>>> print(open('structure_39.pdb').read())   # PDB, C-alpha atoms and all ligand atoms
ATOM      1  CA  MET Z 135      27.389  41.032  47.174
ATOM      2  CA  TYR Z 136      27.607  40.131  50.869
ATOM      3  CA  LEU Z 137      25.554  40.999  53.937
ATOM      4  CA  SER Z 138      26.987  43.541  56.357
ATOM      5  CA  ALA Z 139      27.809  42.319  59.873
ATOM      6  CA  TYR Z 140      24.609  43.979  61.081
ATOM      7  CA  GLN Z 141      22.472  42.334  58.397
ATOM      8  CA  LEU Z 142      24.003  38.950  59.165
ATOM      9  CA  GLN Z 143      23.266  39.408  62.847
ATOM     10  CA  ARG Z 144      19.638  40.318  62.089
ATOM     11  CA  PHE Z 145      19.303  37.261  59.881
ATOM     12  CA  ARG Z 146      20.744  34.968  62.571
ATOM     13  CA  CYS Z 147      18.422  36.447  65.180
ATOM     14  CA  ASP Z 148      15.155  36.706  63.197
ATOM     15  CA  GLY Z 149      15.618  33.958  60.604
ATOM     16  CA  PHE Z 150      14.895  36.364  57.731
ATOM     17  CA  ILE Z 151      15.871  39.749  56.348
ATOM     18  CA  VAL Z 152      14.637  42.028  53.542
ATOM     19  CA  LEU Z 153      17.348  43.687  51.425
ATOM     20  CA  PRO Z 154      15.989  46.643  49.454
ATOM     21  CA  GLY Z 155      17.176  47.679  45.984
ATOM     22  CA  VAL Z 156      19.177  44.578  45.053
ATOM     23  CA  PHE Z 157      17.855  44.312  41.491
ATOM     24  CA  SER Z 158      17.430  47.369  39.281
ATOM     25  CA  PRO Z 159      14.108  48.295  37.623
ATOM     26  CA  ASP Z 160      15.538  47.080  34.270
ATOM     27  CA  GLU Z 161      16.513  43.726  35.756
ATOM     28  CA  VAL Z 162      13.097  43.385  37.374
ATOM     29  CA  SER Z 163      11.365  44.074  34.039
ATOM     30  CA  THR Z 164      13.530  41.451  32.350
ATOM     31  CA  LEU Z 165      12.604  38.907  35.037
ATOM     32  CA  ARG Z 166       8.921  39.806  34.859
ATOM     33  CA  ALA Z 167       8.853  39.435  31.075
ATOM     34  CA  GLU Z 168      10.587  36.051  31.277
ATOM     35  CA  THR Z 169       8.180  34.930  34.020
ATOM     36  CA  GLU Z 170       5.133  35.865  31.956
ATOM     37  CA  ARG Z 171       6.593  34.083  28.922
ATOM     38  CA  LEU Z 172       7.344  30.916  30.898
ATOM     39  CA  ILE Z 173       3.912  30.516  32.484
ATOM     40  CA  GLU Z 174       2.344  30.548  29.015
ATOM     41  CA  GLU Z 175       4.345  27.469  28.020
ATOM     42  CA  PRO Z 176       3.229  23.957  28.916
ATOM     43  CA  SER Z 177       5.491  22.816  31.727
ATOM     44  CA  PRO Z 178       5.347  19.831  34.128
ATOM     45  CA  GLY Z 179       6.118  22.114  37.081
ATOM     46  CA  LEU Z 180       3.232  24.517  36.484
ATOM     47  CA  VAL Z 181       0.591  24.583  39.257
ATOM     48  CA  LEU Z 182      -2.730  26.401  38.822
ATOM     49  CA  GLU Z 183      -4.907  28.057  41.432
ATOM     50  CA  ALA Z 184      -8.175  26.347  42.439
ATOM     51  CA  ASP Z 185     -10.007  28.156  39.602
ATOM     52  CA  GLY Z 186      -8.016  25.996  37.178
ATOM     53  CA  VAL Z 187      -7.034  29.073  35.185
ATOM     54  CA  ALA Z 188      -4.601  31.368  37.007
ATOM     55  CA  ALA Z 189      -1.011  30.194  37.443
ATOM     56  CA  ARG Z 190      -0.128  29.682  41.135
ATOM     57  CA  SER Z 191       3.483  28.479  40.896
ATOM     58  CA  LEU Z 192       6.001  27.561  38.280
ATOM     59  CA  ASN Z 193       8.421  24.998  39.720
ATOM     60  CA  GLY Z 194      11.827  24.489  38.155
ATOM     61  CA  PRO Z 195      12.028  27.540  35.838
ATOM     62  CA  HIS Z 196      15.840  27.111  35.746
ATOM     63  CA  LEU Z 197      15.318  23.858  33.841
ATOM     64  CA  ILE Z 198      13.542  25.603  30.982
ATOM     65  CA  SER Z 199      15.063  29.100  30.957
ATOM     66  CA  PRO Z 200      18.755  30.018  30.629
ATOM     67  CA  LEU Z 201      17.921  33.433  32.064
ATOM     68  CA  MET Z 202      16.465  31.866  35.222
ATOM     69  CA  ALA Z 203      19.373  29.403  35.407
ATOM     70  CA  GLY Z 204      21.778  32.362  35.323
ATOM     71  CA  LEU Z 205      19.886  34.102  38.108
ATOM     72  CA  MET Z 206      20.574  31.366  40.658
ATOM     73  CA  ARG Z 207      24.334  31.936  40.090
ATOM     74  CA  SER Z 208      24.012  35.711  40.347
ATOM     75  CA  THR Z 209      26.696  37.518  42.307
ATOM     76  CA  LYS Z 210      23.810  39.258  44.061
ATOM     77  CA  LEU Z 211      22.481  36.002  45.515
ATOM     78  CA  LEU Z 212      24.988  33.154  45.574
ATOM     79  CA  PRO Z 213      27.667  34.858  47.749
ATOM     80  CA  VAL Z 214      24.980  35.698  50.318
ATOM     81  CA  ALA Z 215      23.923  32.044  50.476
ATOM     82  CA  GLU Z 216      27.565  30.937  50.875
ATOM     83  CA  GLN Z 217      28.161  33.592  53.513
ATOM     84  CA  ILE Z 218      25.178  32.492  55.610
ATOM     85  CA  LEU Z 219      25.750  28.766  55.170
ATOM     86  CA  HIS Z 220      29.574  28.987  55.448
ATOM     87  CA  GLU Z 221      30.079  26.400  52.688
ATOM     88  CA  PRO Z 222      29.660  25.799  48.969
ATOM     89  CA  VAL Z 223      25.976  25.444  48.108
ATOM     90  CA  TYR Z 224      23.866  23.841  45.407
ATOM     91  CA  LEU Z 225      20.346  24.589  44.247
ATOM     92  CA  HIS Z 226      17.705  22.653  46.186
ATOM     93  CA  GLN Z 227      14.509  24.274  44.887
ATOM     94  CA  TYR Z 228      13.523  27.044  42.475
ATOM     95  CA  LYS Z 229      10.015  28.341  41.977
ATOM     96  CA  ILE Z 230       8.033  31.395  40.987
ATOM     97  CA  ASN Z 231       4.866  32.161  42.939
ATOM     98  CA  MET Z 232       2.516  34.346  40.921
ATOM     99  CA  LYS Z 233       0.038  35.422  43.679
ATOM    100  CA  ARG Z 234      -2.114  37.177  41.083
ATOM    101  CA  ALA Z 235      -4.319  40.180  41.840
ATOM    102  CA  PHE Z 236      -7.592  39.051  43.478
ATOM    103  CA  VAL Z 237      -7.070  35.327  42.765
ATOM    104  CA  GLY Z 238      -3.645  34.471  44.238
ATOM    105  CA  ASP Z 239      -4.375  32.095  47.104
ATOM    106  CA  GLN Z 240      -2.874  31.505  50.548
ATOM    107  CA  TRP Z 241       0.148  29.504  51.717
ATOM    108  CA  GLU Z 242      -0.507  27.884  55.067
ATOM    109  CA  TRP Z 243       1.865  28.202  58.026
ATOM    110  CA  HIS Z 244       4.797  25.834  57.670
ATOM    111  CA  SER Z 245       8.533  25.320  57.979
ATOM    112  CA  ASP Z 246      10.168  24.521  54.638
ATOM    113  CA  PHE Z 247      12.660  22.268  56.377
ATOM    114  CA  TRP Z 248       9.825  20.078  57.656
ATOM    115  CA  PHE Z 249       8.794  19.359  54.073
ATOM    116  CA  TRP Z 250      12.344  19.023  52.775
ATOM    117  CA  GLN Z 251      13.240  16.563  55.504
ATOM    118  CA  ALA Z 252      10.058  14.488  55.178
ATOM    119  CA  GLU Z 253       9.741  14.549  51.400
ATOM    120  CA  ASP Z 254      13.280  14.954  50.122
ATOM    121  CA  GLY Z 255      15.616  13.474  52.763
ATOM    122  CA  MET Z 256      17.330  16.728  53.783
ATOM    123  CA  ARG Z 257      19.218  15.876  56.952
ATOM    124  CA  ALA Z 258      19.754  19.184  58.734
ATOM    125  CA  PRO Z 259      18.352  22.720  58.452
ATOM    126  CA  HIS Z 260      21.362  24.138  56.615
ATOM    127  CA  ALA Z 261      19.494  25.733  53.727
ATOM    128  CA  ILE Z 262      18.167  29.210  52.952
ATOM    129  CA  THR Z 263      15.897  30.813  50.380
ATOM    130  CA  ALA Z 264      16.413  34.070  48.496
ATOM    131  CA  ALA Z 265      13.077  35.527  47.341
ATOM    132  CA  ILE Z 266      13.219  38.206  44.645
ATOM    133  CA  PHE Z 267      10.258  40.608  44.616
ATOM    134  CA  LEU Z 268       9.049  41.207  41.056
ATOM    135  CA  ASP Z 269       6.303  43.514  42.318
ATOM    136  CA  ASP Z 270       6.022  45.880  45.256
ATOM    137  CA  VAL Z 271       4.889  43.806  48.239
ATOM    138  CA  ASN Z 272       2.510  45.676  50.529
ATOM    139  CA  ASP Z 273      -0.085  45.066  53.238
ATOM    140  CA  PHE Z 274      -2.722  44.052  50.738
ATOM    141  CA  ASN Z 275      -1.221  41.711  48.159
ATOM    142  CA  GLY Z 276      -0.300  38.819  50.446
ATOM    143  CA  PRO Z 277       3.170  39.470  51.891
ATOM    144  CA  THR Z 278       4.924  36.471  53.392
ATOM    145  CA  LEU Z 279       4.486  36.549  57.183
ATOM    146  CA  PHE Z 280       7.219  35.321  59.528
ATOM    147  CA  VAL Z 281       7.519  34.440  63.200
ATOM    148  CA  PRO Z 282      10.901  35.994  64.091
ATOM    149  CA  GLY Z 283      13.266  33.587  65.797
ATOM    150  CA  SER Z 284      11.148  30.510  65.038
ATOM    151  CA  HIS Z 285      13.945  29.014  62.910
ATOM    152  CA  GLU Z 286      15.588  27.977  66.179
ATOM    153  CA  SER Z 287      12.682  25.816  67.346
ATOM    154  CA  VAL Z 288      12.991  22.094  66.863
ATOM    155  CA  LEU Z 289       9.794  20.732  65.380
ATOM    156  CA  ARG Z 290       8.945  17.165  66.276
ATOM    157  CA  ASP Z 291       5.255  16.347  65.982
ATOM    158  CA  GLU Z 292       4.041  19.864  65.408
ATOM    159  CA  HIS Z 293       3.279  19.268  61.782
ATOM    160  CA  HIS Z 294       0.799  16.550  61.143
ATOM    161  CA  ARG Z 295      -0.780  15.125  58.094
ATOM    162  CA  THR Z 296      -4.356  16.276  57.787
ATOM    163  CA  LEU Z 297      -4.931  15.678  54.157
ATOM    164  CA  GLU Z 298      -5.050  12.602  52.049
ATOM    165  CA  GLN Z 299      -5.689  14.398  48.806
ATOM    166  CA  ALA Z 300      -6.608  12.503  45.711
ATOM    167  CA  THR Z 301      -3.939  12.910  43.052
ATOM    168  CA  ALA Z 302      -3.238  11.200  39.770
ATOM    169  CA  PRO Z 303      -0.373   8.665  39.843
ATOM    170  CA  GLY Z 304       2.932  10.503  39.662
ATOM    171  CA  GLU Z 305       1.266  13.741  40.760
ATOM    172  CA  GLU Z 306       1.567  13.253  44.551
ATOM    173  CA  TRP Z 307       4.036  16.159  44.694
ATOM    174  CA  ARG Z 308       1.137  18.549  44.057
ATOM    175  CA  THR Z 309      -0.069  18.108  47.668
ATOM    176  CA  THR Z 310       3.125  19.813  48.835
ATOM    177  CA  THR Z 311       2.518  22.985  46.878
ATOM    178  CA  ALA Z 312      -1.277  23.379  46.860
ATOM    179  CA  ARG Z 313      -3.549  25.795  48.741
ATOM    180  CA  ASP Z 314      -4.048  23.197  51.491
ATOM    181  CA  LEU Z 315      -0.631  21.764  52.213
ATOM    182  CA  LYS Z 316       0.077  18.095  52.846
ATOM    183  CA  TYR Z 317       1.398  18.834  56.350
ATOM    184  CA  SER Z 318      -0.274  21.443  58.503
ATOM    185  CA  LEU Z 319       1.122  22.982  61.641
ATOM    186  CA  GLU Z 320      -0.513  22.422  65.052
ATOM    187  CA  ARG Z 321      -2.400  25.611  65.897
ATOM    188  CA  SER Z 322      -1.447  25.337  69.590
ATOM    189  CA  HIS Z 323       2.254  25.351  68.639
ATOM    190  CA  LEU Z 324       1.749  28.268  66.283
ATOM    191  CA  SER Z 325      -0.133  30.281  68.922
ATOM    192  CA  ARG Z 326       2.645  29.730  71.439
ATOM    193  CA  GLU Z 327       5.320  30.792  68.946
ATOM    194  CA  ILE Z 328       3.414  33.902  67.832
ATOM    195  CA  ASP Z 329       2.425  34.939  71.360
ATOM    196  CA  ALA Z 330       6.082  34.710  72.347
ATOM    197  CA  ASN Z 331       7.735  36.235  69.268
ATOM    198  CA  GLY Z 332       5.113  38.147  67.268
ATOM    199  CA  MET Z 333       4.658  38.207  63.523
ATOM    200  CA  VAL Z 334       6.279  40.322  60.810
ATOM    201  CA  ALA Z 335       5.160  40.937  57.214
ATOM    202  CA  ALA Z 336       8.079  40.991  54.772
ATOM    203  CA  LYS Z 337       7.271  43.967  52.573
ATOM    204  CA  GLY Z 338       9.327  46.008  50.144
ATOM    205  CA  GLN Z 339       9.637  47.397  46.662
ATOM    206  CA  ALA Z 340      10.127  45.372  43.513
ATOM    207  CA  GLY Z 341      13.821  44.467  43.229
ATOM    208  CA  SER Z 342      14.142  43.746  46.970
ATOM    209  CA  VAL Z 343      15.426  40.357  48.083
ATOM    210  CA  LEU Z 344      13.998  38.563  51.107
ATOM    211  CA  VAL Z 345      16.383  35.959  52.537
ATOM    212  CA  PHE Z 346      14.953  33.390  54.959
ATOM    213  CA  HIS Z 347      16.086  30.346  56.886
ATOM    214  CA  CYS Z 348      14.623  26.997  55.872
ATOM    215  CA  ASN Z 349      13.169  26.376  59.332
ATOM    216  CA  VAL Z 350      11.533  29.753  60.039
ATOM    217  CA  LEU Z 351       7.736  29.580  60.314
ATOM    218  CA  HIS Z 352       5.989  31.429  57.511
ATOM    219  CA  ALA Z 353       2.669  31.784  55.709
ATOM    220  CA  SER Z 354       0.911  34.192  53.386
ATOM    221  CA  SER Z 355      -2.683  35.245  52.856
ATOM    222  CA  ALA Z 356      -4.631  35.399  49.645
ATOM    223  CA  ASN Z 357      -4.081  38.443  47.459
ATOM    224  CA  ALA Z 358      -7.142  40.653  48.060
ATOM    225  CA  SER Z 359      -5.694  43.562  46.081
ATOM    226  CA  PRO Z 360      -5.661  44.609  42.421
ATOM    227  CA  TRP Z 361      -1.848  44.176  42.373
ATOM    228  CA  ASP Z 362       0.045  41.013  41.493
ATOM    229  CA  ARG Z 363       2.660  39.766  43.991
ATOM    230  CA  ARG Z 364       5.049  37.814  41.747
ATOM    231  CA  THR Z 365       8.096  36.441  43.581
ATOM    232  CA  ILE Z 366      10.966  34.165  42.571
ATOM    233  CA  PHE Z 367      12.100  31.766  45.331
ATOM    234  CA  ILE Z 368      15.589  30.261  45.006
ATOM    235  CA  SER Z 369      16.597  27.811  47.759
ATOM    236  CA  TYR Z 370      20.216  26.880  48.405
ATOM    237  CA  ASN Z 371      21.462  23.936  50.482
ATOM    238  CA  ARG Z 372      24.962  23.163  51.723
ATOM    239  CA  VAL Z 373      26.660  20.634  49.446
ATOM    240  CA  SER Z 374      27.629  18.678  52.594
ATOM    241  CA  ASN Z 375      23.914  18.497  53.494
ATOM    242  CA  ALA Z 376      22.877  16.978  50.158
ATOM    243  CA  LEU Z 377      19.695  14.898  50.148
ATOM    244  CA  SER Z 378      19.702  11.275  51.184
ATOM    245  CA  ASP Z 379      17.807   8.657  49.215
ATOM    246  CA  VAL Z 380      14.055   8.507  49.753
ATOM    247  CA  ALA Z 381      11.499   5.964  48.567
ATOM    248  CA  SER Z 382       9.586   8.323  46.272
ATOM    249  CA  PRO Z 383      11.735  11.308  45.343
ATOM    250  CA  ARG Z 384       9.842  14.382  44.228
ATOM    251  CA  PRO Z 385      10.502  15.475  40.639
ATOM    252  CA  GLU Z 386      13.740  17.308  39.842
ATOM    253  CA  PHE Z 387      11.750  20.506  39.257
ATOM    254  CA  LEU Z 388      10.667  20.456  42.925
ATOM    255  CA  ALA Z 389      13.690  19.017  44.756
ATOM    256  CA  SER Z 390      16.951  18.961  42.878
ATOM    257  CA  ARG Z 391      19.317  16.017  43.120
ATOM    258  CA  ARG Z 392      22.094  17.746  41.195
ATOM    259  CA  PHE Z 393      24.416  18.354  44.115
ATOM    260  CA  ASP Z 394      27.305  20.125  42.338
ATOM    261  CA  ALA Z 395      28.369  23.370  43.968
ATOM    262  CA  LEU Z 396      27.155  26.463  42.138
ATOM    263  CA  ARG Z 397      29.691  29.005  40.962
ATOM    264  CA  SER Z 398      29.028  32.706  40.450
ATOM    265  CA  GLU Z 399      28.853  33.982  36.907
ATOM    266  CA  ASP Z 400      30.880  37.127  37.421
ATOM    267  CA  GLY Z 401      30.331  39.788  34.842
ATOM    268  CA  GLN Z 402      27.405  37.988  33.277
ATOM    269  CA  TRP Z 403      23.745  38.703  33.664
ATOM    270  CA  PRO Z 404      22.478  39.958  36.063
ATOM    271  CA  THR Z 405      25.013  42.719  36.318
ATOM    272  CA  ASP Z 406      27.324  42.667  39.276
ATOM    273  CA  VAL Z 407      27.057  45.066  42.197
ATOM    274  CA  THR Z 408      29.833  45.670  44.627
ATOM    275  CA  ALA Z 409      27.993  47.733  47.238
ATOM    276  CA  ALA Z 410      25.870  46.039  49.858
ATOM    277  CA  PRO Z 411      22.261  47.262  49.844
ATOM    278  CA  ALA Z 412      20.982  49.611  52.504
ATOM    279  CA  ASP Z 413      20.270  48.086  55.889
ATOM    280  CA  VAL Z 414      17.143  46.193  56.759
ATOM    281  CA  GLU Z 415      13.714  47.683  56.162
ATOM    282  CA  VAL Z 416      11.160  45.275  57.495
ATOM    283  CA  ALA Z 417       7.828  46.770  58.433
ATOM    284  CA  ALA Z 418       5.840  45.019  61.127
TER     285      ALA Z 418
HETATM  286  C1  LIG W 501       6.142  29.337  50.301
HETATM  287  O1  LIG W 501       6.161  29.243  51.514
HETATM  288  O2  LIG W 501       6.655  28.463  49.616
HETATM  289  C2  LIG W 501       5.522  30.502  49.607
HETATM  290  C3  LIG W 501       5.170  31.629  50.467
HETATM  291  C4  LIG W 501       4.643  32.796  49.698
HETATM  292  O3  LIG W 501       4.536  32.753  48.455
HETATM  293  O4  LIG W 501       4.326  33.804  50.343
HETATM  294 MN    MN W 502       7.671  27.851  52.328
END
>>> encode(input="structure_39.pdb", output="structure tokens")
Amino acid sequence: MYLSAYQLQRFRCDGFIVLPGVFSPDEVSTLRAETERLIEEPSPGLVLEADGVAARSLNGPHLISPLMAGLMRSTKLLPVAEQILHEPVYLHQYKINMKRAFVGDQWEWHSDFWFWQAEDGMRAPHAITAAIFLDDVNDFNGPTLFVPGSHESVLRDEHHRTLEQATAPGEEWRTTTARDLKYSLERSHLSREIDANGMVAAKGQAGSVLVFHCNVLHASSANASPWDRRTIFISYNRVSNALSDVASPRPEFLASRRFDALRSEDGQWPTDVTAAPADVEVAA
């Protein structure tokens, strides 16, 4: 599957796009069932919400599930990443955010690239994320919010470190995926960006795929609704933009250092589609 010329233009302009109907209801149920199975298993990449009970994120599901590993090579996702990035790509990060009914907590405003540069040694913003909706995403269950066009802004000192959170040795990575993130964005910068460009909530039915640029500003609120908002986030980076060495690399389940180009698994799960999905449906 590839984006149409119009979809590609929207992505380049806004820094994100929602593609409805990419995965079928059967495929979504398979992914949901696998997700629920995986979060019941002990896993080093599992992060809980502040209540210490509900799962917040599962990082690195591809390392423990062949089904999830197959998904990142899907012909519904990988060709889109190659099309946008113009080059062979490898998997940089893979996570599932559970955003459970009533308890799923916020994600503060940030640019992913800021974290990937500072924490992982990514040199340039040549990466994108494909987010697969496992539930309908609506006004109430914490849709990801974007500032259209903000992927073009060069961030210098606009993120600053506000938190020195206590973590156990070897667990420092948790401060980059918690409710209060390690780097927070200057509110004055955010206000300027939003006043100039507005804000859009990326909503859609289960089976939709949201594709976003690694530098676009985004956030999401807590889930105040009785509906889960489970989403799989698969981030691809250009092979030529592979990570440089850093003093304390984050674990493989959070920032992959396997830089081999991914290849599509044609004809394997999930089933191939030849038609591009209908054009953008992003509600403001
Ligand atoms: C993220 O920015 O990594 C997650 C955003 C979300 O789950 O809405
Ligand atoms: Mn993010």
>>> closest_residue(input="structure_39.pdb", among="Z:Val156, Z:Ile198, Z:Thr311, Z:Met206", to="ligand MN 502 (chain W)", atoms="all atoms listed in the file")
Z:Thr311
>>> closest_residue(input="structure_39.pdb", among="Z:Leu388, Z:Ile151, Z:Ala188, Z:Val223", to="Z:Arg308", atoms="only C-alpha atoms")
Z:Leu388
>>> atom_distance(input="structure_39.pdb", atom1="atom CA of Z:Met256", atom2="atom CA of Z:Thr309")
18.5 Å
>>> residues_near_ligand(input="structure_39.pdb", ligand="ligand MN 502 (chain W)", cutoff="9 Å", atoms="only C-alpha atoms and all ligand atoms", output="list in words")
Trp241, Glu242, Trp243, His244, Ser245, Asp246, Phe247, Phe249, Thr263, Thr311, Cys348, Val350, Leu351, His352 and Ala353 of chain Z
>>> atom_distance(input="structure_39.pdb", atom1="atom CA of Z:Leu279", atom2="atom CA of Z:Ala252")
22.8 Å
>>> closest_atom_pairs(input="structure_39.pdb", of="stretch 295-404 of chain Z", to="stretch 175-187 of chain Z", cutoff="10 Å", atoms="all atoms listed in the file", output="tab-separated table")
residue	atom	partner	partner_atom	distance
Z:Glu305	CA	Z:Pro178	CA	9.9
Z:Trp307	CA	Z:Gly179	CA	9.9
Z:Arg308	CA	Z:Val181	CA	7.7
Z:Thr311	CA	Z:Val181	CA	8.0
Z:Ala312	CA	Z:Val181	CA	7.9
Z:Arg313	CA	Z:Glu183	CA	7.8
Z:Pro385	CA	Z:Gly179	CA	8.7
Z:Glu386	CA	Z:Gly179	CA	9.4
Z:Phe387	CA	Z:Gly179	CA	6.2
Z:Leu388	CA	Z:Gly179	CA	7.6
>>> atom_distance(input="structure_39.pdb", atom1="atom CA of Z:Ser355", atom2="atom CA of Z:Arg190")
13.2 Å
